[in-house]
Amino acid sequence: MSEDKIVQRATVQVLNSIYETDFLGFSYGSRPERSAHKALDAVSVGIERKKVNWVLDADISGFFDAIDHEWLIKFVEHRIADKRVFRHIKKWLNAGVLENGKRVRSEEGTPQGGSISPLLANIYLHYVFDLWLQQWRAKCAQGDVISVRYKDDIVVGFQHKSEAEQFLDEMRTRFLKFNLKLHPTKTRLIEFGRFADSNRNERGNGKPETFDFLCCRALQILRCAWQ
């Protein structure tokens with residue numbers, strides 16, 4: 001193992017101990033003692049226990065390649081004071097990628113294959129999405145709102161359609177500020193939950209749509225929500 005990889009892994013261990021006190025409960029990806037299965041359970045429990053009638057299945061276009069270095073550095077500066085750690089992170093971000101055998105520096109994206117990349121991505125979305133959603137829910141939501149994020153895979157559930165639509169519009173604006181875009185076709189707001197089937201039948205809209213979360217069909221992982 002190269003010296004650089006050893007330093008990266010040591011840095012990840014140090015930063016994990018710091019950021020685990022900051023990261024929010026609905027963030028599951030690339031964190032100690034958290035897993036995709038626990039994220040799936042959280043979605044199921046949230047829809048079962050809260051009044052969730054609408055689900056936003058959000059897909060970020062090319063997330064890991066779109067992370068803005070300038071913003072990421074600002075986020076790390078906000079929490080980390082050790083200049084040695086900071087210098088290493090800057091070096092890894094500026095390493096660039098290989099294109100046609102040549103090293104090309106990029107102002108966007110996380111280090112390819114680096115052990116620190118998942119953590120840096122989590123830090124980015126912690127500031128861009130997690131903290132913002134927490135504030136939005138406290139200030140804007142009148143009904144129930146749930147959220148589960150696994151890396152860049154995001155599900156947000158709402159009680160009210162109007163709030164779901166408002167959130168989606170504001171989320172698009174928020175992401176653009178930080179060089180992120182929601183995929184225009186893969187990001188969907190759908191009617192979902194325990195009462196979606198009966199509500200849609202009454203309106204003559206047919207069966208509810210479904211969505212995939214972490215490559216699992218929602219109708220399978222959330223079947224308890226209708227029981």
# chains A, B, ... in the order shown; residues from 1 in each chain; ligands from 1
>>> residues_around(residues="range 110-125 of chain A", least_positions_apart="5", cutoff="9 Å", atoms="only C-alpha atoms", output="PyMOL selection string")
chain A and resi 5+8-9+11-12+15-16+19+23+27+29-31+63-69+71-72+75-76+89+92-97+130-131+151-152
>>> select_by_dssp(residues="range 48-208 of chain A", states="strand (DSSP E)", output="PyMOL selection string")
chain A and resi 54-59+97-99+102-104+145-150+153-158+188-191
>>> atom_distance(atom1="CA of Phe129 in chain A", atom2="CA of Glu108 in chain A")
18.0 Å
>>> atom_distance(atom1="CA of Glu20 in chain A", atom2="CA of Ala36 in chain A")
17.3 Å
>>> residues_around(residues="range 160-170 of chain A", least_positions_apart="2", cutoff="12 Å", atoms="only C-alpha atoms", output="PyMOL selection string")
chain A and resi 50-59+129+132-137+139-147+155-158+172-177+181-182+184+187-193
>>> closest_residue(among="A:Thr210, A:Val128, A:Lys90, A:Glu33", to="Glu70 in chain A", atoms="only C-alpha atoms")
A:Lys90
>>> select_by_dssp(residues="range 23-185 of chain A", states="alpha helix (DSSP H)", output="number ranges by chain")
A: 36-49, 63-66, 69-79, 83-93, 117-125, 131-140, 161-177
>>> closest_residue(among="A:Ile18, A:Ile73, A:Val43, A:Ile80", to="Leu214 in chain A", atoms="only C-alpha atoms")
A:Val43
>>> closest_residue(among="A:Asp22, A:Asn179, A:Tyr28, A:Tyr150", to="Arg79 in chain A", atoms="only C-alpha atoms")
A:Asp22
>>> closest_residue(among="A:Lys38, A:Lys91, A:His78, A:His126", to="Asp4 in chain A", atoms="only C-alpha atoms")
A:Lys91
>>> atom_distance(atom1="CA of Gly46 in chain A", atom2="CA of Lys207 in chain A")
21.5 Å
